2 protein chains.
Amino acid sequence: MTPYTNERVRIRAVTPQVDGGRSRAKAVAGEPITVEADVYADSHEVLAAVVRWRPQTPSGRKKWREVPMAHVLNDRWTGTFSCDDVGRLEFTVVGWVDRYGTWLRDIRAKVEARVATDVDFAIGAELLEAFAGVAGAEDAERLQRAADQLRDDARFPESRRDLAASDDIVDLVARLDPRPHATTFDRTLVVQVDRPLAGASAWYELFPRSASPDPDRHGTLVDVVDRLPYVGSLGFDVLYLPPIHPIGREHRKGRNNAVEAAPGDLGSPWAIGSAEGGHKSIHPDLGTMDDFRKLVSACRDHGLELAMDIAFQCAPDHPYVREHPEWFRHRPDGSIQYAENPPKKYQDIYPFDFETSDPEGLWNELRSVFQFWIDEGVRIFRVDNPHTKSFAFWEWVIDDLTRDHPDLIFLAEAFTRPKVMYELAKVGFTQSYTYFAWRHHRWEIEQYYTELFRTEVADFFRSNAWPNTPDILTDYLQAGGRSRFAQRFVLAATISANYGIYGPAFELQEHLPRPGAEEYLDNEKYEQRTWDLDDPRSLAPLIADVNRIRREHPALRRDRSIAFHHVDNEALLAFSKSDEATGDTVLVVVNLDPDQPQEGLTWLDADALGVDPDGSFTVEDLLGGSTWRWHGQRNYVRLDPSESPAHIFTVTR
Amino acid sequence: MTPYTNERVRIRAVTPQVDGGRSRAKAVAGEPITVEADVYADSHEVLAAVVRWRPQTPSGRKKWREVPMAHVLNDRWTGTFSCDDVGRLEFTVVGWVDRYGTWLRDIRAKVEARVATDVDFAIGAELLEAFAGVAGAEDAERLQRAADQLRDDARFPESRRDLAASDDIVDLVARLDPRPHATTFDRTLVVQVDRPLAGASAWYELFPRSASPDPDRHGTLVDVVDRLPYVGSLGFDVLYLPPIHPIGREHRKGRNNAVEAAPGDLGSPWAIGSAEGGHKSIHPDLGTMDDFRKLVSACRDHGLELAMDIAFQCAPDHPYVREHPEWFRHRPDGSIQYAENPPKKYQDIYPFDFETSDPEGLWNELRSVFQFWIDEGVRIFRVDNPHTKSFAFWEWVIDDLTRDHPDLIFLAEAFTRPKVMYELAKVGFTQSYTYFAWRHHRWEIEQYYTELFRTEVADFFRSNAWPNTPDILTDYLQAGGRSRFAQRFVLAATISANYGIYGPAFELQEHLPRPGAEEYLDNEKYEQRTWDLDDPRSLAPLIADVNRIRREHPALRRDRSIAFHHVDNEALLAFSKSDEATGDTVLVVVNLDPDQPQEGLTWLDADALGVDPDGSFTVEDLLGGSTWRWHGQRNYVRLDPSESPAHIFTVTR
């Protein structure tokens, strides 16, 4: 390429651009995608820019579509579009010197200052004639007529200016501008467009082993089918089951994580594999593949979708260990290296060795596990500890699988360092567990969700907030009490468009820890439990209410619009979310104190709420039912944890 | 490439990386270059990383050198090196799983917990034997001996651990580690290494036309030679002359920017070109090419270097206009488009049209202007209004010229929008004018220099601070008075490693504006002036003092180490700079109030000063001469503008 270019516009810092385009940004089908860019040129001419985008289809590339960009501030431009197709799209930015726009700006200044000359108008006429040269016959004629009128010195300058600035001409020019010397951003960026459930979802986790109403009978997939009306009535979208595969017998853990299992102990579902099969088999005590298919189908009848757990690790008696010893690391004594966190040892778990001499064999086999369950109709996978498997593997397998199945959803269960969690999102995980469970103070909640939702992190990372999991019973919840569970539930379900709970332990407020651990006593991971779903203390009615509110209010299914509002009492957290398309706006106020009523005065961000900072507006508490007429930014709020953990206000003018 | 990789380390967000590697970062020969990167892997092993770098030489590539990186915090790693050669260097980052380091960490934990087994030690022994396989005979023997000792179960675990962790073995392993499955960052980044003057310089601008001591005789280059002892004694590094070319006669401007020149009016030096020549000619009234050569040489005798002004624009009678009409834009009446800022017209200036049909001809001719003066020994160019010429041109011409002449310095005179100024730095300008002249309040000075020196801007943009220029006489200086000029001088010369003044107007505190303009009355741009350098009110002694302090204190020749310190009086600005190599630290306190004494208590950033926050240290005022023993972070400061504008403290323990 010759260096001598007539290009004058520069395009830099295009967003969303994940790590210089190395990773795909994320979007949701039907929701707005906003592209921003620094666009500027030398000198002082008027510029124009567009976003160019098109779906990436396996069968060749579609035609580019365009949306205009507008200048915002400080040479930053923005353009918004949305894509209804799930899959991938690519986009770039094009900018050019708008010669007609420049001339129009200048002629206005000259007419205003009474210095416009015939030559000045002739310049505009020449531009119109150039556009006529690339127009159809009718348009060409209109442009030529306008050009002639611009040259007509019998007309007043004001009249010639108004003619030149008429919508008719300006629109025609915008359509015909051949954009000489246009600059195209030097990279095409890719966006993964997921289905709406990827952007907003309520998850419910339960152990099939405990689905049996009879403590003396192991729960089955059929019992899970019987549980669906309950889960469905609570308003969840996703039913997530811990691993349902045969459980290893060698080094099996006992109840409460005892090193030695007693006879009859069930073992951990995450210690996968035994003589009865591995990652593509179903635990015989849970049922058959046919039962599984019935469950997948029954979920749909209750507005639910089934999520599988993918835990790529093996019990010592997993068939892979015998068939593929090369996929594991060996110790000098010939034994296979078990999982360790020195000095702790986990002899019941063999991790795969991603430095194996046979990465191709290992990767393809693991891929085939996903494929097996995809073929059985599963589209959602919660992946266990993905941060202990090679990033390159995830990048490859997610890329490969989503190409054929763009409706797949992968949830990364990684509780580790921030950049490692972000890396998993960058390599393709659709959603990610977060530090939600450990964020309790207002300042840390505001700081964390500002980072997740209001910075470039939001381009690639989707928060899924869990107040508890089978592995996590925080100190806060260990203290017990309905108000703590209610508060953490409402916070998770409103601050994060994606959230989940591990039940029925959660709604029944199970809170006793195994001593010394941040984990449940008599944890279902190691034994079967029986739950009384009809317990009158259950949070089920609150959960059903909040999930209904989430379904009725798109604002709660968006994350990027979050705004925090000041309240002059640190125990009260206030944030709002809004949905651009419908104008729906929800303001949530949570009392972070589980014990005492708290009151305070707000200082509302009126812009974020779409209200007049000096005017009146209505807030209706969707949870409590009350309606208030508020005025301006300063309003009184009070929450008594014995009555309600939060206000969920819908805001209307 | 097969997707099946054993690589496990990820390397992201490497800095300095200007716009994803599209532009070169800047460094100074001999000064530290710090490379940072996010480096992490899956799982929990110990990692290692290095910066790889090498000079880019025209005659093939040199061997890579390496410096180790260390983990700082939050998966961020850093490594520092310096390059003594002016020119370009390239670097990248390599990371890998440190298997021996991981084993060592784990064996320590196991020995501590008394669970280390012979098999655990055998793993370490196997690693040492693997390293022995790639070692020379002597090292191999040492490693094998160590391996044998690790396997010796007659030894205590503590003894085997200590042997494995000995410096001897650890160093050997670090040297021999074959780094299996290492990851190399996917891009090689380029740094422009400039000579020290690019990083720290004091500029003095004067009009040769006014260098004559006789008001009735036009100043010449010979007069400028006579002025060198004065400029040299003030301690400046660079003498910068406005354009010295023939000045156009058509549409020449008169005194005080009058539209019509009176007979005998000299015209603006920036209206370049007449029948007497253009950008490669010297104005006959200033002298000959031989005089110019003598001036270039004489500058060196006074510790100065000459900077030329490059203003790529033409007076209507410039030879280019006749010879290359295709390089200019034409109006419908056949005339050439003069410069405009509608409704203002600048009929004395024809800009080049970078959308010309002959960009190759235009670009090469403009390049030849630089080459002409380079061949005459000039290495510093102050470029006039570069933001009104194509960025692509600058990128090409600076890239091309610096390849052959890495000692070139280009100063961008662009007072325009921030991103356009940054773009010029990104396309290659060595230094840039800034908004310094218009930053007066403490908060705006702190904010601006934090952006310039403490963000990624510092990787590519070098501030050159000017309190005045022939075009800029700010409201603040128009108020007149020694204290204002002294304060703005000390601030420019200490806050920015590169700064300049337009003299003698500055040191003589010329302050009367042309009514309605932010510009000097009787501006030298349009007429010859005569200056009384011996005026006793001149700031020359202060200037000489401060320039001497700058030469003696490398801290003042660094920008990135700037730290602002709190003072409980908004009129007092306090900042420090330090030089890592020498430990030199300077703390500057400026009274921003030109009229009243101001006092206050500091709250010093002890880390930035390298002192104990609870201990004592000495501050010696290099400007006033006093010395104080200070204690801790809270210390009293007072400045009376009638005595001194600032303290320039050297800080010692």
# chains A, B, ... in the order shown; residues from 1 in each chain; ligands from 1
>>> residues_around(residues="Arg227 of chain A", least_positions_apart="2", cutoff="12 Å", atoms="only C-alpha atoms", output="number ranges by chain")
A: 204-208, 210-213, 219-225, 229-234, 239, 295, 298-299, 302, 304, 503-504, 531, 533
>>> select_by_dssp(residues="segment 459-647 of chain A", states="strand (DSSP E or B)", output="JSON, numbers by chain")
{"A": [463, 464, 465, 469, 472, 498, 499, 500, 501, 502, 513, 520, 563, 564, 565, 566, 567, 572, 573, 574, 575, 576, 577, 578, 585, 586, 587, 588, 589, 590, 591, 598, 599, 600, 601, 602, 603, 616, 617, 618, 619, 620, 621, 627, 628, 629, 630, 631, 636, 637, 638, 639, 646, 647]}
>>> residues_around(residues="Ala37 of chain A", least_positions_apart="2", cutoff="8 Å", atoms="only C-alpha atoms", output="count of residues only")
11
>>> interface_residues(of="chain A", to="chain B", cutoff="7 Å", atoms="only C-alpha atoms", output="number ranges by chain")
A: 4-6, 8, 20, 42-43, 106, 109-110, 113, 119, 122-123, 331-333, 342-343, 354-355, 359-360, 387-391
>>> write_last_selection(atoms="C-alpha atoms", output="short mmCIF file (atom, residue, chain, number, x, y, z; two decimals), in the first residue's frame")
data_model
loop_
_atom_site.label_atom_id
_atom_site.label_comp_id
_atom_site.auth_asym_id
_atom_site.auth_seq_id
_atom_site.Cartn_x
_atom_site.Cartn_y
_atom_site.Cartn_z
CA TYR A 4 0.42 8.66 0.28
CA THR A 5 -3.17 8.71 1.38
CA ASN A 6 -5.82 11.39 1.21
CA ARG A 8 -7.91 12.70 6.93
CA GLY A 20 -7.95 -4.82 21.47
CA ASP A 42 -7.05 17.62 11.16
CA SER A 43 -8.33 21.17 10.61
CA ASP A 106 -19.52 28.17 6.78
CA ALA A 109 -21.65 32.08 9.34
CA LYS A 110 -20.94 34.17 6.27
CA ALA A 113 -21.95 38.24 8.97
CA VAL A 119 -18.20 32.48 -5.23
CA ALA A 122 -20.88 28.60 -6.26
CA ILE A 123 -18.76 26.28 -4.09
CA ARG A 331 3.91 -39.09 40.32
CA PRO A 332 7.33 -40.72 40.53
CA ASP A 333 5.80 -43.74 42.24
CA PRO A 342 -0.72 -28.04 50.06
CA PRO A 343 -0.78 -29.21 52.72
CA PHE A 354 -3.76 -29.75 30.42
CA GLU A 355 -0.05 -30.10 29.76
CA PRO A 359 -4.17 -32.25 24.20
CA GLU A 360 -6.08 -33.03 21.01
CA HIS A 387 -10.35 -21.53 36.35
CA THR A 388 -8.50 -24.80 37.01
CA LYS A 389 -8.64 -25.78 33.35
CA SER A 390 -6.67 -24.20 30.51
CA PHE A 391 -8.11 -20.92 29.19
#
>>> select_by_dssp(residues="segment 104-220 of chain B", states="alpha helix (DSSP H)", output="MDAnalysis selection string")
chainID B and resid 104:112 118:132 137:151 157:164 167:176 196:199
>>> closest_residue(among="A:Arg65, A:Arg529, A:His71, A:Arg52", to="Thr92 of chain A", atoms="only C-alpha atoms")
A:Arg52
>>> residues_around(residues="segment 507-511 of chain B", least_positions_apart="6", cutoff="10 Å", atoms="only C-alpha atoms", output="ChimeraX atom specification")
/B:473-486,489,501,519-521,531-543
>>> write_last_selection(atoms="N, CA and C atoms", output="tab-separated table (two decimals), in the first residue's frame")
chain	number	residue	atom	x	y	z
B	473	LEU	N	-0.77	36.03	25.15
B	473	LEU	CA	-0.51	36.84	26.34
B	473	LEU	C	-1.80	36.73	27.16
B	474	THR	N	-1.78	35.87	28.15
B	474	THR	CA	-3.03	35.55	28.86
B	474	THR	C	-3.51	36.73	29.69
B	475	ASP	N	-4.79	36.70	30.02
B	475	ASP	CA	-5.37	37.72	30.89
B	475	ASP	C	-4.55	37.89	32.16
B	476	TYR	N	-4.09	36.72	32.67
B	476	TYR	CA	-3.35	36.72	33.93
B	476	TYR	C	-2.08	37.58	33.81
B	477	LEU	N	-1.37	37.44	32.68
B	477	LEU	CA	-0.13	38.22	32.50
B	477	LEU	C	-0.43	39.64	32.06
B	478	GLN	N	-1.57	39.84	31.39
B	478	GLN	CA	-1.93	41.20	30.97
B	478	GLN	C	-2.07	42.13	32.17
B	479	ALA	N	-2.39	41.56	33.33
B	479	ALA	CA	-2.50	42.38	34.54
B	479	ALA	C	-1.14	42.93	34.96
B	480	GLY	N	-0.07	42.32	34.45
B	480	GLY	CA	1.27	42.85	34.68
B	480	GLY	C	1.78	42.65	36.10
B	481	GLY	N	3.03	42.99	36.27
B	481	GLY	CA	3.62	42.89	37.60
B	481	GLY	C	4.61	41.74	37.67
B	482	ARG	N	5.73	42.02	38.29
B	482	ARG	CA	6.81	41.05	38.38
B	482	ARG	C	6.36	39.72	39.00
B	483	SER	N	5.54	39.79	40.05
B	483	SER	CA	5.21	38.57	40.78
B	483	SER	C	4.45	37.58	39.89
B	484	ARG	N	3.59	38.09	39.01
B	484	ARG	CA	2.86	37.19	38.12
B	484	ARG	C	3.80	36.46	37.16
B	485	PHE	N	4.71	37.22	36.57
B	485	PHE	CA	5.65	36.60	35.63
B	485	PHE	C	6.57	35.62	36.34
B	486	ALA	N	7.06	36.03	37.53
B	486	ALA	CA	7.97	35.15	38.27
B	486	ALA	C	7.27	33.85	38.64
B	489	PHE	N	6.71	31.69	35.59
B	489	PHE	CA	7.98	31.14	35.12
B	489	PHE	C	8.40	29.95	35.98
B	501	ILE	N	10.04	29.90	27.04
B	501	ILE	CA	9.44	31.25	27.10
B	501	ILE	C	9.74	31.97	25.80
B	519	GLU	N	-3.26	38.89	22.90
B	519	GLU	CA	-2.02	38.96	22.15
B	519	GLU	C	-1.32	40.27	22.46
B	520	TYR	N	-0.03	40.31	22.23
B	520	TYR	CA	0.75	41.51	22.54
B	520	TYR	C	0.38	42.69	21.65
B	521	LEU	N	0.40	43.89	22.26
B	521	LEU	CA	0.35	45.13	21.49
B	521	LEU	C	1.72	45.31	20.84
B	531	TRP	N	14.77	45.70	22.51
B	531	TRP	CA	14.58	45.34	23.92
B	531	TRP	C	15.79	45.78	24.75
B	532	ASP	N	15.53	46.28	25.95
B	532	ASP	CA	16.61	46.67	26.85
B	532	ASP	C	16.91	45.51	27.81
B	533	LEU	N	17.85	44.71	27.40
B	533	LEU	CA	18.15	43.50	28.19
B	533	LEU	C	18.76	43.84	29.55
B	534	ASP	N	19.26	45.06	29.68
B	534	ASP	CA	19.89	45.44	30.94
B	534	ASP	C	18.91	46.06	31.92
B	535	ASP	N	17.65	46.11	31.55
B	535	ASP	CA	16.64	46.66	32.47
B	535	ASP	C	16.77	45.97	33.83
B	536	PRO	N	16.94	46.73	34.92
B	536	PRO	CA	17.15	46.10	36.23
B	536	PRO	C	15.95	45.31	36.70
B	537	ARG	N	14.76	45.55	36.13
B	537	ARG	CA	13.58	44.79	36.55
B	537	ARG	C	13.51	43.42	35.88
B	538	SER	N	14.44	43.14	34.98
B	538	SER	CA	14.38	41.87	34.23
B	538	SER	C	14.40	40.67	35.16
B	539	LEU	N	13.68	39.62	34.74
B	539	LEU	CA	13.66	38.37	35.50
B	539	LEU	C	14.88	37.49	35.18
B	540	ALA	N	15.81	38.02	34.37
B	540	ALA	CA	16.94	37.19	33.93
B	540	ALA	C	17.66	36.48	35.08
B	541	PRO	N	17.94	37.16	36.22
B	541	PRO	CA	18.65	36.44	37.29
B	541	PRO	C	17.84	35.26	37.85
B	542	LEU	N	16.52	35.44	38.02
B	542	LEU	CA	15.69	34.34	38.49
B	542	LEU	C	15.71	33.18	37.49
B	543	ILE	N	15.59	33.52	36.21
B	543	ILE	CA	15.60	32.50	35.16
B	543	ILE	C	16.90	31.71	35.18
>>> residues_around(residues="segment 443-450 of chain B", least_positions_apart="3", cutoff="10 Å", atoms="only C-alpha atoms", output="list in words")
Thr434, Tyr435, Phe436, Trp438, Arg439, His440, Phe453, Arg454, Thr455, Val457, Ala458, Ser463, Ile495, Ser496, Asp559, Arg560, Ile562, Ala563, Phe564, His565, Glu570, Leu573, Ala574 and Phe575 of chain B
>>> residues_around(residues="Lys26 of chain B", least_positions_apart="5", cutoff="12 Å", atoms="only C-alpha atoms", output="ChimeraX atom specification")
/B:15-18,31-34,83,86-90,189-196,198-199,425-431,456-462
>>> atom_distance(atom1="atom CA of Gly79 of chain A", atom2="atom CA of Ala200 of chain A")
23.9 Å
>>> residues_around(residues="Gly377 of chain A", least_positions_apart="4", cutoff="10 Å", atoms="only C-alpha atoms", output="number ranges by chain")
A: 293, 296-297, 305-306, 371-373
>>> closest_residue(among="B:Ala339, B:Val97, B:Leu572, B:Val28", to="Ile409 of chain B", atoms="only C-alpha atoms")
B:Val28
>>> closest_residue(among="A:Val637, A:Met69, A:Ala505, A:Leu609", to="Asp621 of chain A", atoms="only C-alpha atoms")
A:Val637
>>> closest_residue(among="A:Arg638, A:Asp584, A:Gly625, A:Pro406", to="Thr602 of chain A", atoms="only C-alpha atoms")
A:Arg638
>>> closest_residue(among="B:Arg175, B:Leu150, B:Pro215, B:Thr618", to="Gly136 of chain B", atoms="only C-alpha atoms")
B:Arg175
>>> atom_distance(atom1="atom CA of Asp384 of chain B", atom2="atom CA of Asn498 of chain B")
17.7 Å
>>> decode(residues="segment 138-149 of chain B", atoms="all heavy atoms", output="PDB file, in the first residue's frame")
ATOM      1  N   GLU B 138      29.227 -29.336  34.068  1.00  0.00           N
ATOM      2  CA  GLU B 138      29.452 -29.011  35.472  1.00  0.00           C
ATOM      3  C   GLU B 138      28.121 -28.772  36.194  1.00  0.00           C
ATOM      4  O   GLU B 138      27.880 -29.300  37.288  1.00  0.00           O
ATOM      5  CB  GLU B 138      30.328 -27.759  35.542  1.00  0.00           C
ATOM      6  CG  GLU B 138      30.971 -27.541  36.903  1.00  0.00           C
ATOM      7  CD  GLU B 138      31.768 -26.235  36.893  1.00  0.00           C
ATOM      8  OE1 GLU B 138      32.368 -25.922  35.837  1.00  0.00           O
ATOM      9  OE2 GLU B 138      31.756 -25.543  37.923  1.00  0.00           O
ATOM     10  N   ASP B 139      27.245 -27.977  35.544  1.00  0.00           N
ATOM     11  CA  ASP B 139      25.940 -27.703  36.145  1.00  0.00           C
ATOM     12  C   ASP B 139      25.115 -28.980  36.265  1.00  0.00           C
ATOM     13  O   ASP B 139      24.428 -29.210  37.254  1.00  0.00           O
ATOM     14  CB  ASP B 139      25.161 -26.677  35.298  1.00  0.00           C
ATOM     15  CG  ASP B 139      25.779 -25.295  35.388  1.00  0.00           C
ATOM     16  OD1 ASP B 139      26.517 -25.048  36.371  1.00  0.00           O
ATOM     17  OD2 ASP B 139      25.531 -24.485  34.477  1.00  0.00           O
ATOM     18  N   ALA B 140      25.203 -29.814  35.239  1.00  0.00           N
ATOM     19  CA  ALA B 140      24.441 -31.062  35.241  1.00  0.00           C
ATOM     20  C   ALA B 140      24.848 -31.907  36.443  1.00  0.00           C
ATOM     21  O   ALA B 140      24.001 -32.523  37.111  1.00  0.00           O
ATOM     22  CB  ALA B 140      24.659 -31.823  33.934  1.00  0.00           C
ATOM     23  N   GLU B 141      26.134 -31.898  36.719  1.00  0.00           N
ATOM     24  CA  GLU B 141      26.622 -32.683  37.845  1.00  0.00           C
ATOM     25  C   GLU B 141      26.070 -32.136  39.167  1.00  0.00           C
ATOM     26  O   GLU B 141      25.628 -32.899  40.040  1.00  0.00           O
ATOM     27  CB  GLU B 141      28.152 -32.641  37.838  1.00  0.00           C
ATOM     28  CG  GLU B 141      28.808 -33.780  38.604  1.00  0.00           C
ATOM     29  CD  GLU B 141      30.327 -33.634  38.541  1.00  0.00           C
ATOM     30  OE1 GLU B 141      30.855 -33.475  37.406  1.00  0.00           O
ATOM     31  OE2 GLU B 141      30.957 -33.650  39.612  1.00  0.00           O
ATOM     32  N   ARG B 142      26.075 -30.817  39.312  1.00  0.00           N
ATOM     33  CA  ARG B 142      25.545 -30.212  40.546  1.00  0.00           C
ATOM     34  C   ARG B 142      24.065 -30.547  40.715  1.00  0.00           C
ATOM     35  O   ARG B 142      23.595 -30.834  41.815  1.00  0.00           O
ATOM     36  CB  ARG B 142      25.714 -28.692  40.510  1.00  0.00           C
ATOM     37  CG  ARG B 142      27.123 -28.245  40.907  1.00  0.00           C
ATOM     38  CD  ARG B 142      27.414 -26.844  40.404  1.00  0.00           C
ATOM     39  NE  ARG B 142      26.642 -25.812  41.092  1.00  0.00           N
ATOM     40  CZ  ARG B 142      26.391 -24.610  40.554  1.00  0.00           C
ATOM     41  NH1 ARG B 142      26.829 -24.313  39.340  1.00  0.00           N
ATOM     42  NH2 ARG B 142      25.710 -23.720  41.236  1.00  0.00           N
ATOM     43  N   LEU B 143      23.335 -30.468  39.606  1.00  0.00           N
ATOM     44  CA  LEU B 143      21.900 -30.740  39.682  1.00  0.00           C
ATOM     45  C   LEU B 143      21.639 -32.203  40.033  1.00  0.00           C
ATOM     46  O   LEU B 143      20.750 -32.523  40.821  1.00  0.00           O
ATOM     47  CB  LEU B 143      21.225 -30.369  38.350  1.00  0.00           C
ATOM     48  CG  LEU B 143      21.147 -28.860  38.087  1.00  0.00           C
ATOM     49  CD1 LEU B 143      20.841 -28.577  36.615  1.00  0.00           C
ATOM     50  CD2 LEU B 143      20.069 -28.202  38.969  1.00  0.00           C
ATOM     51  N   GLN B 144      22.430 -33.086  39.425  1.00  0.00           N
ATOM     52  CA  GLN B 144      22.229 -34.514  39.700  1.00  0.00           C
ATOM     53  C   GLN B 144      22.545 -34.819  41.161  1.00  0.00           C
ATOM     54  O   GLN B 144      21.834 -35.583  41.816  1.00  0.00           O
ATOM     55  CB  GLN B 144      23.122 -35.357  38.777  1.00  0.00           C
ATOM     56  CG  GLN B 144      22.866 -36.858  38.901  1.00  0.00           C
ATOM     57  CD  GLN B 144      21.399 -37.224  38.625  1.00  0.00           C
ATOM     58  OE1 GLN B 144      20.876 -36.941  37.555  1.00  0.00           O
ATOM     59  NE2 GLN B 144      20.706 -37.792  39.616  1.00  0.00           N
ATOM     60  N   ARG B 145      23.599 -34.150  41.679  1.00  0.00           N
ATOM     61  CA  ARG B 145      23.965 -34.360  43.082  1.00  0.00           C
ATOM     62  C   ARG B 145      22.811 -33.901  43.984  1.00  0.00           C
ATOM     63  O   ARG B 145      22.410 -34.591  44.928  1.00  0.00           O
ATOM     64  CB  ARG B 145      25.245 -33.599  43.402  1.00  0.00           C
ATOM     65  CG  ARG B 145      25.947 -34.094  44.663  1.00  0.00           C
ATOM     66  CD  ARG B 145      27.401 -33.613  44.731  1.00  0.00           C
ATOM     67  NE  ARG B 145      27.531 -32.169  44.528  1.00  0.00           N
ATOM     68  CZ  ARG B 145      28.247 -31.585  43.571  1.00  0.00           C
ATOM     69  NH1 ARG B 145      28.927 -32.316  42.699  1.00  0.00           N
ATOM     70  NH2 ARG B 145      28.307 -30.278  43.472  1.00  0.00           N
ATOM     71  N   ALA B 146      22.240 -32.732  43.658  1.00  0.00           N
ATOM     72  CA  ALA B 146      21.117 -32.220  44.458  1.00  0.00           C
ATOM     73  C   ALA B 146      19.930 -33.170  44.369  1.00  0.00           C
ATOM     74  O   ALA B 146      19.257 -33.454  45.369  1.00  0.00           O
ATOM     75  CB  ALA B 146      20.728 -30.822  43.975  1.00  0.00           C
ATOM     76  N   ALA B 147      19.669 -33.682  43.167  1.00  0.00           N
ATOM     77  CA  ALA B 147      18.552 -34.610  42.990  1.00  0.00           C
ATOM     78  C   ALA B 147      18.743 -35.853  43.860  1.00  0.00           C
ATOM     79  O   ALA B 147      17.812 -36.326  44.524  1.00  0.00           O
ATOM     80  CB  ALA B 147      18.423 -35.000  41.517  1.00  0.00           C
ATOM     81  N   ASP B 148      19.979 -36.349  43.862  1.00  0.00           N
ATOM     82  CA  ASP B 148      20.263 -37.538  44.676  1.00  0.00           C
ATOM     83  C   ASP B 148      20.024 -37.245  46.158  1.00  0.00           C
ATOM     84  O   ASP B 148      19.468 -38.080  46.885  1.00  0.00           O
ATOM     85  CB  ASP B 148      21.717 -37.995  44.471  1.00  0.00           C
ATOM     86  CG  ASP B 148      21.945 -38.494  43.046  1.00  0.00           C
ATOM     87  OD1 ASP B 148      20.938 -38.788  42.347  1.00  0.00           O
ATOM     88  OD2 ASP B 148      23.113 -38.562  42.605  1.00  0.00           O
ATOM     89  N   GLN B 149      20.426 -36.055  46.580  1.00  0.00           N
ATOM     90  CA  GLN B 149      20.242 -35.702  47.992  1.00  0.00           C
ATOM     91  C   GLN B 149      18.760 -35.562  48.333  1.00  0.00           C
ATOM     92  O   GLN B 149      18.337 -35.914  49.430  1.00  0.00           O
ATOM     93  CB  GLN B 149      21.007 -34.405  48.296  1.00  0.00           C
ATOM     94  CG  GLN B 149      22.530 -34.625  48.265  1.00  0.00           C
ATOM     95  CD  GLN B 149      23.310 -33.317  48.268  1.00  0.00           C
ATOM     96  OE1 GLN B 149      22.850 -32.318  47.736  1.00  0.00           O
ATOM     97  NE2 GLN B 149      24.499 -33.342  48.863  1.00  0.00           N
TER      98      GLN B 149
END
